[in-house]
>>> print(open('structure.cif').read())   # mmCIF, C-alpha atoms and all ligand atoms
data_start
loop_
_atom_site.label_atom_id
_atom_site.label_comp_id
_atom_site.auth_asym_id
_atom_site.auth_seq_id
_atom_site.Cartn_x
_atom_site.Cartn_y
_atom_site.Cartn_z
CA MET A 1 39.11 14.28 9.61
CA THR A 2 36.87 11.28 9.02
CA ALA A 3 33.35 11.94 7.78
CA TRP A 4 30.97 9.85 9.88
CA TYR A 5 27.44 8.66 9.14
CA ALA A 6 24.67 7.07 11.22
CA GLY A 7 22.02 4.57 10.16
CA VAL A 8 19.01 3.54 12.21
CA ASP A 9 16.54 0.71 11.66
CA LEU A 10 13.19 1.11 13.41
CA GLY A 11 11.58 -2.32 13.22
CA ALA A 12 8.47 -3.77 14.81
CA SER A 13 10.57 -5.77 17.28
CA ASN A 14 13.99 -4.09 17.42
CA ILE A 15 15.69 -0.77 16.96
CA LYS A 16 19.23 -0.95 15.58
CA ALA A 17 21.74 1.84 15.13
CA VAL A 18 25.14 1.79 13.42
CA VAL A 19 27.90 4.31 12.87
CA GLY A 20 30.47 4.18 10.10
CA PRO A 21 32.67 6.16 7.72
CA GLU A 22 32.06 6.79 4.02
CA SER A 23 33.31 3.30 3.07
CA GLY A 24 30.19 1.89 4.73
CA SER A 25 32.10 -0.31 7.18
CA VAL A 26 30.32 -0.51 10.53
CA VAL A 27 32.50 0.55 13.46
CA SER A 28 29.83 0.32 16.15
CA ARG A 29 26.33 -0.99 16.59
CA ALA A 30 23.65 -0.77 19.29
CA ARG A 31 20.27 -2.38 19.69
CA ARG A 32 17.09 -1.93 21.75
CA ARG A 33 13.76 -3.72 21.92
CA THR A 34 11.17 -1.49 20.26
CA PRO A 35 8.96 -0.16 23.08
CA ARG A 36 5.25 -0.86 22.65
CA GLY A 37 4.12 2.46 24.06
CA PRO A 38 3.17 4.34 26.08
CA ASP A 39 3.38 6.63 23.06
CA GLY A 40 5.37 7.44 19.95
CA ASP A 41 7.77 9.69 21.84
CA ALA A 42 8.92 6.66 23.87
CA VAL A 43 9.79 4.90 20.62
CA ALA A 44 11.67 7.97 19.40
CA GLU A 45 13.56 8.17 22.71
CA ALA A 46 14.66 4.54 22.39
CA MET A 47 15.87 5.29 18.86
CA VAL A 48 17.89 8.28 20.09
CA ALA A 49 19.31 6.25 23.00
CA ALA A 50 20.46 3.45 20.66
CA THR A 51 22.10 5.99 18.35
CA ARG A 52 23.84 7.70 21.25
CA GLU A 53 25.18 4.32 22.44
CA ALA A 54 26.52 3.53 18.96
CA LEU A 55 28.20 6.96 18.85
CA ASP A 56 29.76 6.44 22.29
CA ASP A 57 31.07 3.01 21.31
CA ALA A 58 32.60 4.46 18.15
CA GLY A 59 34.14 7.37 20.06
CA VAL A 60 32.39 9.72 17.67
CA ALA A 61 30.82 12.95 18.93
CA PRO A 62 27.29 13.66 17.66
CA GLY A 63 28.54 16.79 15.87
CA GLU A 64 30.98 14.71 13.78
CA ILE A 65 28.10 13.02 11.94
CA VAL A 66 27.68 14.36 8.40
CA ARG A 67 24.28 12.84 7.83
CA GLY A 68 21.91 10.26 9.31
CA SER A 69 19.16 8.11 7.91
CA VAL A 70 16.26 6.23 9.50
CA ALA A 71 14.79 3.17 7.80
CA SER A 72 11.41 2.47 9.32
CA ILE A 73 8.42 0.22 9.09
CA GLY A 74 5.46 2.01 7.50
CA PRO A 75 3.25 3.84 6.95
CA LEU A 76 5.58 6.82 6.58
CA ASP A 77 4.81 10.47 6.26
CA LYS A 78 8.03 11.42 4.52
CA ALA A 79 7.31 15.15 4.40
CA ALA A 80 6.82 15.26 8.18
CA GLY A 81 9.61 12.71 8.81
CA GLU A 82 7.20 10.61 10.88
CA LEU A 83 5.88 7.10 11.18
CA GLY A 84 2.08 7.04 11.21
CA ARG A 85 -0.10 4.61 13.14
CA SER A 86 1.39 1.15 12.72
CA ALA A 87 -0.51 -2.01 13.58
CA ASN A 88 2.84 -3.39 14.76
CA LEU A 89 3.56 -0.92 17.56
CA GLY A 90 0.49 -1.34 19.74
CA PRO A 91 -2.73 0.66 20.04
CA ASN A 92 -1.33 3.73 21.83
CA VAL A 93 1.39 4.65 19.37
CA ASP A 94 -0.27 6.85 16.78
CA ARG A 95 2.80 8.68 15.45
CA VAL A 96 6.55 8.41 15.93
CA PRO A 97 8.73 11.40 15.08
CA LEU A 98 11.77 10.02 13.22
CA SER A 99 13.89 12.70 11.62
CA ALA A 100 13.45 15.56 14.15
CA PRO A 101 14.72 13.85 17.32
CA LEU A 102 17.71 12.29 15.54
CA SER A 103 18.48 15.50 13.74
CA GLU A 104 18.53 17.23 17.11
CA LEU A 105 20.94 14.64 18.54
CA LEU A 106 23.26 14.63 15.54
CA ASP A 107 22.94 18.27 14.53
CA ALA A 108 22.77 16.96 10.98
CA GLU A 109 20.28 16.30 8.24
CA VAL A 110 18.39 13.02 8.74
CA SER A 111 16.49 11.39 5.90
CA VAL A 112 13.68 8.86 6.29
CA LEU A 113 12.96 5.90 4.04
CA ASN A 114 10.95 2.74 4.31
CA ASP A 115 12.74 -0.37 5.50
CA ALA A 116 12.46 -2.35 2.28
CA ASN A 117 13.78 0.60 0.27
CA ALA A 118 16.74 0.62 2.66
CA GLY A 119 17.25 -3.04 1.80
CA VAL A 120 17.68 -2.34 -1.88
CA VAL A 121 19.91 0.68 -1.17
CA GLY A 122 22.07 -1.55 1.04
CA GLU A 123 22.27 -4.39 -1.47
CA ARG A 124 23.27 -1.89 -4.16
CA PHE A 125 25.92 -0.35 -1.92
CA TYR A 126 27.47 -3.50 -0.47
CA ALA A 127 26.83 -6.33 -2.91
CA ASP A 128 29.35 -7.52 -5.45
CA ARG A 129 26.79 -6.99 -8.22
CA THR A 130 24.78 -3.83 -8.58
CA PRO A 131 22.62 -4.12 -11.68
CA ASP A 132 20.51 -1.09 -12.56
CA ASP A 133 17.39 -3.23 -12.16
CA MET A 134 17.08 -5.15 -8.92
CA ALA A 135 14.78 -5.74 -5.97
CA TYR A 136 15.02 -6.45 -2.26
CA LEU A 137 12.15 -8.41 -0.75
CA THR A 138 11.68 -8.73 2.99
CA ILE A 139 9.58 -11.52 4.49
CA SER A 140 9.48 -10.71 8.17
CA SER A 141 6.75 -9.45 10.55
CA GLY A 142 5.37 -7.97 7.33
CA ILE A 143 6.23 -8.33 3.65
CA GLY A 144 7.56 -5.49 1.53
CA ALA A 145 9.96 -4.69 -1.28
CA GLY A 146 12.33 -2.01 -2.42
CA VAL A 147 13.14 -1.79 -6.11
CA ALA A 148 15.70 -0.08 -8.30
CA VAL A 149 14.60 0.50 -11.89
CA ASP A 150 16.95 1.97 -14.51
CA GLY A 151 19.43 2.68 -11.71
CA ARG A 152 17.01 4.66 -9.56
CA VAL A 153 15.57 3.45 -6.28
CA LEU A 154 11.84 4.02 -6.61
CA SER A 155 10.22 5.90 -3.77
CA GLY A 156 6.70 6.67 -4.91
CA TRP A 157 4.06 8.79 -3.19
CA ASP A 158 5.06 9.07 0.49
CA GLY A 159 7.71 6.42 -0.09
CA ASN A 160 5.15 3.67 -0.62
CA ALA A 161 6.30 2.21 -3.95
CA ALA A 162 6.48 -1.59 -4.12
CA GLU A 163 4.31 -2.31 -1.05
CA VAL A 164 3.95 -5.76 -2.57
CA GLY A 165 2.98 -7.48 0.69
CA HIS A 166 -0.44 -5.95 0.14
CA ASN A 167 -0.84 -7.38 -3.35
CA THR A 168 -3.97 -9.50 -3.51
CA VAL A 169 -3.27 -13.22 -3.79
CA GLU A 170 -6.80 -14.45 -2.91
CA ILE A 171 -9.95 -12.54 -3.84
CA GLY A 172 -12.05 -12.40 -0.66
CA GLY A 173 -9.35 -14.22 1.30
CA LEU A 174 -8.03 -13.80 4.85
CA THR A 175 -8.20 -10.27 6.22
CA CYS A 176 -4.81 -8.56 6.33
CA GLY A 177 -3.54 -6.39 9.21
CA CYS A 178 -4.26 -3.39 6.95
CA GLY A 179 -7.96 -4.26 6.91
CA ALA A 180 -8.25 -5.45 3.31
CA ASP A 181 -8.84 -9.05 2.26
CA GLY A 182 -6.62 -11.61 0.58
CA HIS A 183 -3.25 -9.88 0.74
CA TRP A 184 0.01 -11.86 0.39
CA GLU A 185 1.11 -10.70 3.84
CA ALA A 186 -2.08 -12.08 5.42
CA TYR A 187 -0.84 -15.60 4.58
CA CYS A 188 2.94 -15.48 4.64
CA SER A 189 4.32 -12.87 7.04
CA GLY A 190 5.72 -14.01 10.38
CA THR A 191 2.89 -12.31 12.24
CA ASN A 192 0.17 -13.94 10.15
CA ILE A 193 1.45 -17.50 9.66
CA PRO A 194 -0.31 -18.77 12.85
CA ARG A 195 -3.63 -17.32 11.65
CA HIS A 196 -3.06 -18.89 8.25
CA ALA A 197 -2.53 -22.25 9.99
CA ARG A 198 -5.79 -21.91 11.95
CA HIS A 199 -7.59 -20.95 8.74
CA VAL A 200 -6.32 -24.05 6.90
CA HIS A 201 -7.21 -26.27 9.88
CA GLU A 202 -10.77 -24.90 9.94
CA THR A 203 -11.45 -24.77 6.20
CA GLU A 204 -9.60 -27.88 5.00
CA GLY A 205 -9.88 -29.97 8.14
CA VAL A 206 -6.19 -30.89 8.07
CA PRO A 207 -5.31 -32.67 11.35
CA THR A 208 -2.48 -31.46 13.54
CA ASP A 209 -0.62 -32.01 16.79
CA LEU A 210 0.15 -28.30 17.05
CA ASP A 211 -1.51 -26.23 19.75
CA LEU A 212 -3.10 -23.73 17.39
CA ASP A 213 -3.82 -21.16 20.10
CA GLU A 214 -0.18 -20.94 21.08
CA ILE A 215 1.89 -21.36 17.91
CA ASP A 216 4.14 -18.85 16.23
CA ALA A 217 5.72 -18.92 12.77
CA LYS A 218 8.78 -20.79 14.05
CA ASP A 219 6.62 -23.64 15.38
CA VAL A 220 5.06 -24.12 11.94
CA PHE A 221 8.43 -24.30 10.16
CA GLU A 222 9.89 -26.60 12.81
CA ALA A 223 6.89 -28.98 12.66
CA ALA A 224 7.32 -29.58 8.93
CA ASP A 225 6.34 -33.27 9.38
CA ASP A 226 3.01 -32.31 10.92
CA PRO A 227 0.24 -32.60 8.27
CA LEU A 228 -1.11 -29.11 8.94
CA ALA A 229 2.33 -27.47 9.03
CA GLU A 230 3.25 -29.29 5.82
CA ARG A 231 0.08 -28.02 4.11
CA VAL A 232 0.56 -24.44 5.35
CA ILE A 233 4.19 -24.38 4.19
CA GLU A 234 3.14 -25.73 0.79
CA ARG A 235 0.49 -23.00 0.47
CA MET A 236 2.98 -20.32 1.54
CA GLN A 237 5.44 -21.50 -1.09
CA ALA A 238 2.77 -21.06 -3.76
CA TYR A 239 1.80 -17.57 -2.49
CA ASN A 240 5.43 -16.48 -2.13
CA ALA A 241 6.23 -17.59 -5.67
CA ALA A 242 3.12 -15.81 -7.03
CA GLY A 243 4.02 -12.67 -5.08
CA VAL A 244 7.54 -12.61 -6.46
CA ALA A 245 6.25 -13.30 -9.98
CA ASP A 246 4.02 -10.19 -9.62
CA LEU A 247 7.05 -8.21 -8.47
CA VAL A 248 9.02 -9.44 -11.49
CA HIS A 249 6.25 -8.52 -13.93
CA ALA A 250 5.92 -5.05 -12.40
CA TYR A 251 9.62 -4.07 -12.19
CA ALA A 252 11.71 -6.48 -14.32
CA PRO A 253 14.64 -6.98 -11.91
CA LEU A 254 17.76 -8.96 -12.84
CA VAL A 255 18.23 -10.03 -9.23
CA VAL A 256 15.80 -10.37 -6.33
CA TYR A 257 17.51 -10.41 -2.92
CA VAL A 258 15.34 -11.93 -0.21
CA GLY A 259 15.79 -10.94 3.44
CA GLY A 260 13.72 -10.71 6.61
CA ALA A 261 13.70 -13.14 9.52
CA VAL A 262 11.17 -15.58 8.03
CA ALA A 263 13.29 -15.98 4.89
CA ARG A 264 16.67 -15.95 6.62
CA ASN A 265 15.68 -18.52 9.24
CA ASN A 266 14.06 -20.88 6.73
CA PRO A 267 15.83 -20.41 3.38
CA GLU A 268 15.14 -23.97 2.20
CA GLN A 269 11.42 -23.64 2.87
CA VAL A 270 11.04 -20.02 1.78
CA VAL A 271 13.73 -18.85 -0.67
CA ASP A 272 14.63 -22.02 -2.60
CA PRO A 273 11.01 -22.78 -3.58
CA ILE A 274 10.59 -19.24 -4.98
CA ARG A 275 13.63 -19.83 -7.18
CA GLU A 276 12.33 -23.24 -8.28
CA ARG A 277 8.77 -22.12 -9.10
CA LEU A 278 9.50 -18.79 -10.77
CA PRO A 279 10.23 -20.07 -14.30
CA GLU A 280 6.74 -21.56 -14.65
CA LEU A 281 5.05 -18.34 -13.44
CA VAL A 282 7.01 -15.60 -15.19
CA MET A 283 6.45 -14.75 -18.87
CA THR A 284 9.38 -12.29 -19.07
CA ASN A 285 13.05 -12.78 -18.10
CA VAL A 286 13.42 -14.87 -14.95
CA PRO A 287 15.66 -13.11 -12.41
CA GLU A 288 18.21 -14.65 -10.10
CA VAL A 289 16.79 -15.16 -6.58
CA ARG A 290 19.32 -14.80 -3.78
CA LEU A 291 19.28 -14.76 -0.01
CA THR A 292 20.34 -11.30 1.21
CA SER A 293 24.09 -10.85 1.61
CA LEU A 294 23.60 -8.58 4.64
CA GLY A 295 21.94 -10.99 7.09
CA ASP A 296 19.84 -9.34 9.77
CA GLU A 297 21.55 -6.00 9.13
CA ALA A 298 20.15 -5.45 5.64
CA THR A 299 17.89 -2.64 6.82
CA VAL A 300 20.24 -0.83 9.18
CA ARG A 301 23.19 -1.08 6.78
CA GLY A 302 20.85 0.12 4.06
CA ALA A 303 20.06 3.13 6.24
CA LEU A 304 23.79 3.77 6.66
CA ALA A 305 24.28 3.44 2.90
CA ALA A 306 21.38 5.84 2.34
CA ALA A 307 22.98 8.39 4.68
CA ILE A 308 26.29 8.05 2.82
CA THR A 309 24.88 8.19 -0.71
CA ALA A 310 22.17 10.82 -0.16
CA GLY A 311 24.69 13.56 -0.84
CA ARG A 312 26.23 11.99 -3.93
CA ASN A 313 25.25 13.54 -7.19
CA ASP A 314 25.08 10.36 -9.22
CA ARG A 315 22.15 8.43 -10.55
CA SER A 316 22.38 5.77 -7.85
CA GLN A 317 21.60 8.38 -5.22
CA LEU A 318 18.62 8.02 -3.02
CA ARG A 319 16.39 11.05 -3.20
CA PRO A 320 15.59 12.03 0.39
ZN ZN A 401 -2.76 -5.68 3.52
#
>>> encode(input="structure.cif", output="structure tokens", more="lines below")
Ligand SMILES: [Zn+2]
Amino acid sequence: MTAWYAGVDLGASNIKAVVGPESGSVVSRARRRTPRGPDGDAVAEAMVAATREALDDAGVAPGEIVRGSVASIGPLDKAAGELGRSANLGPNVDRVPLSAPLSELLDAEVSVLNDANAGVVGERFYADRTPDDMAYLTISSGIGAGVAVDGRVLSGWDGNAAEVGHNTVEIGGLTCGCGADGHWEAYCSGTNIPRHARHVHETEGVPTDLDLDEIDAKDVFEAADDPLAERVIERMQAYNAAGVADLVHAYAPLVVYVGGAVARNNPEQVVDPIRERLPELVMTNVPEVRLTSLGDEATVRGALAAAITAGRNDRSQLRP
């Protein structure tokens, strides 16, 4: 009898669920828009519905699942298996139960980990190279990282290790979604790029044809010939390189995989410049910088990999 596993990605925009056997191949996948309210239970219900759909498509009964794993945006309360109040899910969602509702559906243990940690678990599981020291960086609605050091995926207090998107890149700079000033994410995440553009327009007086009240991150990247867009992209490249240099100095990875929609959709403007600038910023060994090998499924496949490896008694295991 095949041992089946389920992985779920709870993102700010989408919920994804996959089902697969111990090899990690994905036999079915389902997706929902992440509801923005009315409350956290609605988000949990959408997560359960996506998982049920993936099970149905795979022809797998819920009871055949050995273990599940949810990779979620933060902030997590790992002990409670819940997502706390997230700026990304709207004002009415103050907590989302993650492990309990899925555990009830699957009648199996369900572990919870942050989405960037899932990225590094996935890269370790699926990639052709799995060095003991590596990192996964996501540049998406937010910015975060998961790191493996000496063969162990670091979790940290409440799973919050390597929250590098909240590293300070400008003292007294733009206010981040978390409330603090000058964080990397405040300048370079998909959500904050439009605000960064308005800030540069106001403070540096760079002219533009962009409608600054209406733009999103995609507009900025697509208008690369516009003087303001050009300036914002140049600034982001400097911040991204500095952010990755900080990550390198903190964790000494051999490889940094970069994922997330902002990076995947604009690799020449986001990933290549990090690679090019790193040698002049890093005083230790300069790691290889690669685009993720898992596309837009890095998080959900990482969750599947976490479900599969959580029970393995080796040093690559993810501690639930
Ligand atoms: Zn922040």
>>> residues_around(input="structure.cif", residues="Ile65 of chain A", least_positions_apart="4", cutoff="7 Å", atoms="all atoms listed in the file", output="PyMOL selection string")
chain A and resi 3-6+106+108
>>> write_last_selection(input="structure.cif", atoms="C-alpha atoms", output="PDB file, in the coordinates of the input")
ATOM      1  CA  ALA A   3      33.350  11.940   7.780  1.00  0.00           C
ATOM      2  CA  TRP A   4      30.970   9.850   9.880  1.00  0.00           C
ATOM      3  CA  TYR A   5      27.440   8.660   9.140  1.00  0.00           C
ATOM      4  CA  ALA A   6      24.670   7.070  11.220  1.00  0.00           C
ATOM      5  CA  LEU A 106      23.260  14.630  15.540  1.00  0.00           C
ATOM      6  CA  ALA A 108      22.770  16.960  10.980  1.00  0.00           C
TER       7      ALA A 108
END
>>> residues_near_ligand(input="structure.cif", ligand="ligand ZN 401 (chain A)", cutoff="6 Å", atoms="only C-alpha atoms and all ligand atoms", output="JSON, numbers by chain")
{"A": [166, 176, 177, 178, 180, 183]}
>>> closest_atom_pairs(input="structure.cif", of="segment 164-186 of chain A", to="segment 240-250 of chain A", cutoff="12 Å", atoms="all atoms listed in the file", output="tab-separated table")
residue	atom	partner	partner_atom	distance
A:Val164	CA	A:Leu247	CA	7.1
A:Gly165	CA	A:Gly243	CA	7.8
A:His166	CA	A:Gly243	CA	9.6
A:Asn167	CA	A:Gly243	CA	7.4
A:Thr168	CA	A:Gly243	CA	8.7
A:Val169	CA	A:Gly243	CA	7.4
A:Glu170	CA	A:Ala242	CA	10.8
A:His183	CA	A:Gly243	CA	9.7
A:Trp184	CA	A:Gly243	CA	6.8
A:Glu185	CA	A:Asn240	CA	9.4
A:Ala186	CA	A:Asn240	CA	11.5
>>> closest_atom_pairs(input="structure.cif", of="segment 124-153 of chain A", to="segment 261-276 of chain A", cutoff="10 Å", atoms="all atoms listed in the file", output="JSON lines")
{"residue": "A:Leu137", "atom": "CA", "partner": "A:Ala263", "partner_atom": "CA", "distance": 9.5}
{"residue": "A:Thr138", "atom": "CA", "partner": "A:Ala263", "partner_atom": "CA", "distance": 7.7}
{"residue": "A:Ile139", "atom": "CA", "partner": "A:Val262", "partner_atom": "CA", "distance": 5.6}
{"residue": "A:Ser140", "atom": "CA", "partner": "A:Ala261", "partner_atom": "CA", "distance": 5.1}
{"residue": "A:Ser141", "atom": "CA", "partner": "A:Ala261", "partner_atom": "CA", "distance": 7.9}
{"residue": "A:Gly142", "atom": "CA", "partner": "A:Val262", "partner_atom": "CA", "distance": 9.6}
{"residue": "A:Ile143", "atom": "CA", "partner": "A:Val262", "partner_atom": "CA", "distance": 9.8}
>>> atom_distance(input="structure.cif", atom1="atom CA of Ser13 of chain A", atom2="atom CA of Thr299 of chain A")
13.1 Å
>>> closest_residue(input="structure.cif", among="A:Gly144, A:Pro287, A:Pro101, A:Gly151", to="Gly68 of chain A", atoms="all atoms listed in the file")
A:Pro101
>>> closest_residue(input="structure.cif", among="A:Leu210, A:Ala161, A:Ala145, A:Val96", to="Leu83 of chain A", atoms="all atoms listed in the file")
A:Val96
>>> atom_distance(input="structure.cif", atom1="atom CA of Val206 of chain A", atom2="atom CA of Glu222 of chain A")
17.3 Å
>>> atom_distance(input="structure.cif", atom1="atom CA of Ala306 of chain A", atom2="atom CA of Ser189 of chain A")
25.8 Å
>>> residues_around(input="structure.cif", residues="Ala298 of chain A", least_positions_apart="3", cutoff="8 Å", atoms="all atoms listed in the file", output="JSON, numbers by chain")
{"A": [118, 119, 122, 123, 259, 292, 293, 294, 295, 301, 302]}
>>> residues_near_point(input="structure.cif", point="(8.0, 7.0, 12.8)", cutoff="9 Å", atoms="only C-alpha atoms", output="ChimeraX atom specification")
/A:10,40,43-44,70,72-77,81-86,95-99,112
>>> closest_residue(input="structure.cif", among="A:Asn14, A:Ser111, A:Gln237, A:Thr51", to="Arg29 of chain A", atoms="all atoms listed in the file")
A:Thr51
>>> residues_around(input="structure.cif", residues="Ala30 of chain A", least_positions_apart="3", cutoff="10 Å", atoms="all atoms listed in the file", output="VMD selection string")
chain A and resid 8 15 to 19 47 49 to 57
>>> closest_residue(input="structure.cif", among="A:Asp225, A:Asp107, A:Glu163, A:Asp133", to="Ala61 of chain A", atoms="all atoms listed in the file")
A:Asp107
>>> residues_around(input="structure.cif", residues="Ser25 of chain A", least_positions_apart="3", cutoff="10 Å", atoms="all atoms listed in the file", output="list of chain:residue names")
A:Val18, A:Val19, A:Gly20, A:Pro21, A:Glu22, A:Ser28, A:Tyr126, A:Arg301, A:Leu304, A:Ala305
>>> closest_residue(input="structure.cif", among="A:Val258, A:Asn117, A:Thr2, A:Asp9", to="Arg290 of chain A", atoms="only C-alpha atoms")
A:Val258
>>> closest_residue(input="structure.cif", among="A:Leu278, A:Met1, A:Ala303, A:Leu154", to="Glu64 of chain A", atoms="all atoms listed in the file")
A:Met1
>>> residues_around(input="structure.cif", residues="Ile215 of chain A", least_positions_apart="4", cutoff="7 Å", atoms="all atoms listed in the file", output="PyMOL selection string")
chain A and resi 194+211+219
>>> residues_near_point(input="structure.cif", point="(1.6, -18.5, 9.8)", cutoff="9 Å", atoms="all atoms listed in the file", output="PyMOL selection string")
chain A and resi 186-198+215-218+220-221+232-233+236
>>> build_atoms(input="structure.cif", residues="segment 139-147 of chain A", atoms="all heavy atoms", output="PDB file, in the frame of the given file")
ATOM      1  N   ILE A 139      10.669 -10.720   3.932  1.00  0.00           N
ATOM      2  CA  ILE A 139       9.580 -11.520   4.490  1.00  0.00           C
ATOM      3  C   ILE A 139       9.875 -11.644   5.974  1.00  0.00           C
ATOM      4  O   ILE A 139      10.754 -12.396   6.401  1.00  0.00           O
ATOM      5  CB  ILE A 139       9.483 -12.915   3.826  1.00  0.00           C
ATOM      6  CG1 ILE A 139       9.377 -12.766   2.295  1.00  0.00           C
ATOM      7  CG2 ILE A 139       8.277 -13.683   4.379  1.00  0.00           C
ATOM      8  CD1 ILE A 139       9.283 -14.089   1.543  1.00  0.00           C
ATOM      9  N   SER A 140       9.181 -10.824   6.748  1.00  0.00           N
ATOM     10  CA  SER A 140       9.480 -10.710   8.170  1.00  0.00           C
ATOM     11  C   SER A 140       8.159 -10.595   8.910  1.00  0.00           C
ATOM     12  O   SER A 140       7.224 -11.325   8.575  1.00  0.00           O
ATOM     13  CB  SER A 140      10.359  -9.465   8.342  1.00  0.00           C
ATOM     14  OG  SER A 140      10.782  -9.350   9.670  1.00  0.00           O
ATOM     15  N   SER A 141       8.046  -9.687   9.909  1.00  0.00           N
ATOM     16  CA  SER A 141       6.750  -9.450  10.550  1.00  0.00           C
ATOM     17  C   SER A 141       5.722  -9.075   9.490  1.00  0.00           C
ATOM     18  O   SER A 141       4.565  -9.444   9.559  1.00  0.00           O
ATOM     19  CB  SER A 141       6.834  -8.319  11.568  1.00  0.00           C
ATOM     20  OG  SER A 141       7.883  -8.543  12.447  1.00  0.00           O
ATOM     21  N   GLY A 142       6.169  -8.296   8.502  1.00  0.00           N
ATOM     22  CA  GLY A 142       5.370  -7.970   7.330  1.00  0.00           C
ATOM     23  C   GLY A 142       6.127  -8.382   6.080  1.00  0.00           C
ATOM     24  O   GLY A 142       7.197  -8.988   6.162  1.00  0.00           O
ATOM     25  N   ILE A 143       5.554  -8.065   4.921  1.00  0.00           N
ATOM     26  CA  ILE A 143       6.230  -8.330   3.650  1.00  0.00           C
ATOM     27  C   ILE A 143       6.270  -7.033   2.862  1.00  0.00           C
ATOM     28  O   ILE A 143       5.264  -6.324   2.772  1.00  0.00           O
ATOM     29  CB  ILE A 143       5.470  -9.411   2.832  1.00  0.00           C
ATOM     30  CG1 ILE A 143       5.514 -10.754   3.563  1.00  0.00           C
ATOM     31  CG2 ILE A 143       6.072  -9.547   1.421  1.00  0.00           C
ATOM     32  CD1 ILE A 143       4.756 -11.876   2.868  1.00  0.00           C
ATOM     33  N   GLY A 144       7.448  -6.708   2.317  1.00  0.00           N
ATOM     34  CA  GLY A 144       7.560  -5.490   1.530  1.00  0.00           C
ATOM     35  C   GLY A 144       8.739  -5.608   0.586  1.00  0.00           C
ATOM     36  O   GLY A 144       9.549  -6.527   0.698  1.00  0.00           O
ATOM     37  N   ALA A 145       8.841  -4.674  -0.344  1.00  0.00           N
ATOM     38  CA  ALA A 145       9.960  -4.690  -1.280  1.00  0.00           C
ATOM     39  C   ALA A 145      10.466  -3.287  -1.525  1.00  0.00           C
ATOM     40  O   ALA A 145       9.737  -2.306  -1.346  1.00  0.00           O
ATOM     41  CB  ALA A 145       9.551  -5.342  -2.601  1.00  0.00           C
ATOM     42  N   GLY A 146      11.731  -3.228  -1.902  1.00  0.00           N
ATOM     43  CA  GLY A 146      12.330  -2.010  -2.420  1.00  0.00           C
ATOM     44  C   GLY A 146      12.859  -2.360  -3.794  1.00  0.00           C
ATOM     45  O   GLY A 146      13.391  -3.456  -3.990  1.00  0.00           O
ATOM     46  N   VAL A 147      12.693  -1.466  -4.766  1.00  0.00           N
ATOM     47  CA  VAL A 147      13.140  -1.790  -6.110  1.00  0.00           C
ATOM     48  C   VAL A 147      13.963  -0.646  -6.698  1.00  0.00           C
ATOM     49  O   VAL A 147      13.704   0.525  -6.432  1.00  0.00           O
ATOM     50  CB  VAL A 147      11.957  -2.110  -7.059  1.00  0.00           C
ATOM     51  CG1 VAL A 147      11.236  -3.358  -6.599  1.00  0.00           C
ATOM     52  CG2 VAL A 147      10.999  -0.941  -7.167  1.00  0.00           C
TER      53      VAL A 147
END
